[in-house]
Amino acid sequence: METRWPAALWVVRHGQSAGNVARDAAEAAGLETIDLAWRDIDVPLSDLGTEQSIALGQWWGQQPVDAQPEVILCSPYIRAVQTARLVAEHSRLEHVTLRLDERLREKEFGILDRLTKFGIQQQHAQLHEQRTHVGKFYFRPPGGESWCDVILRLRSLQEMVTREYAGRRVLVVAHQVIVNCMRYLIEQMTEEQILAIDREGDVPNCAVTIYRAHAEGEGRTDQAMQLVQANFLAPLHAANAAVTSEPDATTAPKP
């Protein structure tokens, strides 16, 4: 029976962004706000993020053709687009289709955008208390999104993927919250399960979470795809590229 899902699905967090440096400086100095010259949408890769993306592309270029992506779905944020293009260029995926989709954008932080954890405590004490009480899965800052809001737009993306890319090999390049929320959807997790994974640490930059369709005759579950490996980092280790896992600059407290 023909699957409605991709034959293979890879979900990747973008390479390290230049905004990480600004965030680290603000945290170290005990500042309330992060000094960035760009909108969050326009934050580019750092030099290390570029190196990580190239390493991932070179690794993919060494794989058999039937183990390479045919389609790249990408967040429109610059750091994600740069990652996707570098992966495609250095893996020589001439056949790949790159498609930007705003549903893969970073979680929106609304009134808390560009604030450090200290800044949130100082400027929005009541919101800080509410977030602590409600938890990040359901908490929605004014003008921003909760994880549930992100999951809602990803449900729409999932329907498109099953409709347009059934049986194909799909790479998704996006952001940390997107990686976690896609795991929540595909693996049919509960709030407690995905937050437990989140507490283990940030998703490393250019880490690959790998799914494949259940093969015919396999002991199937009610899940659509089978998790092969989460946060696969061998391509970076092989290229001696440093592994980084900081939250993005606009989310000094974990998003």
# chains A, B, ... in the order shown; residues from 1 in each chain; ligands from 1
$ select_by_dssp --residues "stretch 16-246 of chain A" --states "strand (DSSP E or B)" --output "JSON, numbers by chain"
{"A": [17, 33, 45, 71, 72, 73, 74, 97, 98, 99, 100, 109, 115, 144, 169, 170, 171, 172, 173, 174, 208, 209, 210, 211, 212, 213, 225, 226, 227, 228, 229, 230, 231, 232]}
$ residues_around --residues "A:Val43" --least-positions-apart "6" --cutoff "7 Å" --atoms "only C-alpha atoms" --output "ChimeraX atom specification"
/A:17-19,78-79
$ select_by_dssp --residues "stretch 39-171 of chain A" --states "alpha helix (DSSP H)" --output "MDAnalysis selection string"
chainID A and resid 47:61 78:91 117:123 125:134 147:164
$ residues_around --residues "A:Tyr138" --least-positions-apart "3" --cutoff "8 Å" --atoms "only C-alpha atoms" --output "list in words"
Val134, Gly135, Ser146, Trp147 and Cys148 of chain A
$ residues_around --residues "A:Asp40" --least-positions-apart "3" --cutoff "10 Å" --atoms "only C-alpha atoms" --output "CSV table (one decimal) with N, CA and C atoms, in the first residue's frame"
chain,number,residue,atom,x,y,z
A,19,GLY,N,23.7,36.1,16.0
A,19,GLY,CA,23.0,36.7,17.2
A,19,GLY,C,23.4,36.0,18.5
A,36,LEU,N,21.1,44.0,18.9
A,36,LEU,CA,21.2,43.4,17.6
A,36,LEU,C,20.9,44.4,16.5
A,37,ALA,N,21.7,44.4,15.5
A,37,ALA,CA,21.5,45.4,14.4
A,37,ALA,C,20.4,44.9,13.4
A,43,VAL,N,18.8,37.8,11.0
A,43,VAL,CA,20.0,37.5,11.6
A,43,VAL,C,20.7,36.4,10.8
A,44,PRO,N,22.0,36.6,10.4
A,44,PRO,CA,22.7,35.7,9.5
A,44,PRO,C,23.4,34.6,10.4
A,77,TYR,N,13.6,32.6,7.4
A,77,TYR,CA,14.6,33.4,8.2
A,77,TYR,C,16.0,33.2,7.6
A,78,ILE,N,16.8,34.3,7.5
A,78,ILE,CA,18.1,34.3,6.8
A,78,ILE,C,19.0,33.2,7.2
A,79,ARG,N,19.1,32.9,8.5
A,79,ARG,CA,20.1,31.9,9.0
A,79,ARG,C,19.7,30.5,8.6
A,106,GLU,N,10.7,30.9,13.0
A,106,GLU,CA,10.9,30.9,14.4
A,106,GLU,C,9.7,31.2,15.2
A,108,GLU,N,7.4,33.1,17.6
A,108,GLU,CA,7.4,34.6,17.8
A,108,GLU,C,7.3,34.9,19.3
A,113,ASP,N,10.5,39.9,22.9
A,113,ASP,CA,11.6,39.8,21.9
A,113,ASP,C,12.7,40.7,22.3
A,114,ARG,N,13.9,40.2,22.2
A,114,ARG,CA,15.2,40.9,22.5
A,114,ARG,C,15.5,41.1,24.0
A,248,ASP,N,18.6,30.7,20.4
A,248,ASP,CA,18.8,31.9,19.6
A,248,ASP,C,18.9,33.2,20.4
A,249,ALA,N,19.4,34.2,19.7
A,249,ALA,CA,19.7,35.5,20.5
A,249,ALA,C,18.4,36.1,21.0
A,250,THR,N,17.3,36.0,20.4
A,250,THR,CA,16.1,36.6,20.9
A,250,THR,C,15.4,35.8,22.0
$ residues_around --residues "A:Ser91" --least-positions-apart "4" --cutoff "6 Å" --atoms "only C-alpha atoms" --output "MDAnalysis selection string"
chainID A and resid 57:58 60:61 87
$ write_last_selection --atoms "N, CA, C and O atoms" --output "CSV table (one decimal), in the first residue's frame"
chain,number,residue,atom,x,y,z
A,57,GLY,N,26.6,19.7,4.5
A,57,GLY,CA,26.4,19.5,3.0
A,57,GLY,C,27.5,18.5,2.5
A,57,GLY,O,27.1,17.7,1.7
A,58,GLN,N,28.7,18.6,2.9
A,58,GLN,CA,29.7,17.7,2.4
A,58,GLN,C,29.4,16.3,2.8
A,58,GLN,O,29.6,15.3,2.0
A,60,TRP,N,26.4,15.0,3.3
A,60,TRP,CA,25.3,14.5,2.4
A,60,TRP,C,25.8,14.2,1.0
A,60,TRP,O,25.3,13.3,0.4
A,61,GLY,N,26.8,15.0,0.6
A,61,GLY,CA,27.3,14.7,-0.8
A,61,GLY,C,28.0,13.4,-0.9
A,61,GLY,O,28.2,12.9,-2.0
A,87,VAL,N,24.1,23.7,2.4
A,87,VAL,CA,23.9,22.3,2.4
A,87,VAL,C,23.8,21.8,1.0
A,87,VAL,O,24.4,20.9,0.5
$ residues_around --residues "A:Phe232" --least-positions-apart "2" --cutoff "10 Å" --atoms "only C-alpha atoms" --output "list in words"
Val12, Pro204, Cys206, Ala207, Val208, Thr209, Ile210, Val228, Gln229, Ala230, Ala234, Pro235 and Leu236 of chain A
$ residues_around --residues "A:Ala239" --least-positions-apart "6" --cutoff "10 Å" --atoms "only C-alpha atoms" --output "ChimeraX atom specification"
/A:51-52,54-56,58-59
$ write_last_selection --atoms "N, CA, C and O atoms" --output "PDB file, in the first residue's frame"
ATOM      1  N   GLU A  51      30.515  27.217   8.725  1.00  0.00           N
ATOM      2  CA  GLU A  51      31.351  26.016   8.723  1.00  0.00           C
ATOM      3  C   GLU A  51      30.511  24.767   9.016  1.00  0.00           C
ATOM      4  O   GLU A  51      30.684  23.726   8.362  1.00  0.00           O
ATOM      5  N   GLN A  52      29.612  24.875   9.969  1.00  0.00           N
ATOM      6  CA  GLN A  52      28.749  23.738  10.305  1.00  0.00           C
ATOM      7  C   GLN A  52      27.868  23.342   9.123  1.00  0.00           C
ATOM      8  O   GLN A  52      27.705  22.151   8.828  1.00  0.00           O
ATOM      9  N   ILE A  54      28.379  23.889   5.900  1.00  0.00           N
ATOM     10  CA  ILE A  54      29.209  23.294   4.847  1.00  0.00           C
ATOM     11  C   ILE A  54      29.542  21.842   5.190  1.00  0.00           C
ATOM     12  O   ILE A  54      29.481  20.951   4.333  1.00  0.00           O
ATOM     13  N   ALA A  55      29.876  21.591   6.462  1.00  0.00           N
ATOM     14  CA  ALA A  55      30.204  20.225   6.900  1.00  0.00           C
ATOM     15  C   ALA A  55      29.019  19.288   6.677  1.00  0.00           C
ATOM     16  O   ALA A  55      29.187  18.153   6.213  1.00  0.00           O
ATOM     17  N   LEU A  56      27.814  19.772   6.988  1.00  0.00           N
ATOM     18  CA  LEU A  56      26.630  18.946   6.791  1.00  0.00           C
ATOM     19  C   LEU A  56      26.406  18.677   5.306  1.00  0.00           C
ATOM     20  O   LEU A  56      26.091  17.549   4.906  1.00  0.00           O
ATOM     21  N   GLN A  58      28.703  18.612   2.917  1.00  0.00           N
ATOM     22  CA  GLN A  58      29.730  17.699   2.426  1.00  0.00           C
ATOM     23  C   GLN A  58      29.429  16.258   2.826  1.00  0.00           C
ATOM     24  O   GLN A  58      29.648  15.333   2.039  1.00  0.00           O
ATOM     25  N   TRP A  59      28.899  16.091   4.034  1.00  0.00           N
ATOM     26  CA  TRP A  59      28.526  14.743   4.471  1.00  0.00           C
ATOM     27  C   TRP A  59      27.437  14.185   3.571  1.00  0.00           C
ATOM     28  O   TRP A  59      27.513  13.035   3.127  1.00  0.00           O
TER      29      TRP A  59
END
$ atom_distance --atom1 "atom CA of A:Leu48" --atom2 "atom CA of A:Gln16"
6.4 Å
$ closest_residue --among "A:Glu89, A:Glu70, A:Glu145, A:Asp198" --to "A:Pro6" --atoms "only C-alpha atoms"
A:Glu70
$ atom_distance --atom1 "atom CA of A:Val203" --atom2 "atom CA of A:Val177"
8.7 Å
$ atom_distance --atom1 "atom CA of A:Arg103" --atom2 "atom CA of A:Leu154"
6.4 Å
$ closest_residue --among "A:Asn205, A:Val71, A:Asp24, A:His133" --to "A:Leu45" --atoms "only C-alpha atoms"
A:Asn205
$ closest_residue --among "A:Arg199, A:Leu227, A:Glu32, A:Ala8" --to "A:His124" --atoms "only C-alpha atoms"
A:Glu32
$ closest_atom_pairs --of "stretch 188-241 of chain A" --to "stretch 150-153 of chain A" --cutoff "12 Å" --atoms "only C-alpha atoms" --output "JSON lines"
{"residue": "A:Gln188", "atom": "CA", "partner": "A:Ile151", "partner_atom": "CA", "distance": 11.7}
{"residue": "A:Met189", "atom": "CA", "partner": "A:Ile151", "partner_atom": "CA", "distance": 11.9}
{"residue": "A:Glu191", "atom": "CA", "partner": "A:Ile151", "partner_atom": "CA", "distance": 11.6}
$ closest_residue --among "A:Ala80, A:Val179, A:Lys136, A:Val65" --to "A:Glu94" --atoms "only C-alpha atoms"
A:Val65
$ closest_residue --among "A:Thr190, A:Gln158, A:Thr116, A:Thr50" --to "A:Ala28" --atoms "only C-alpha atoms"
A:Thr116
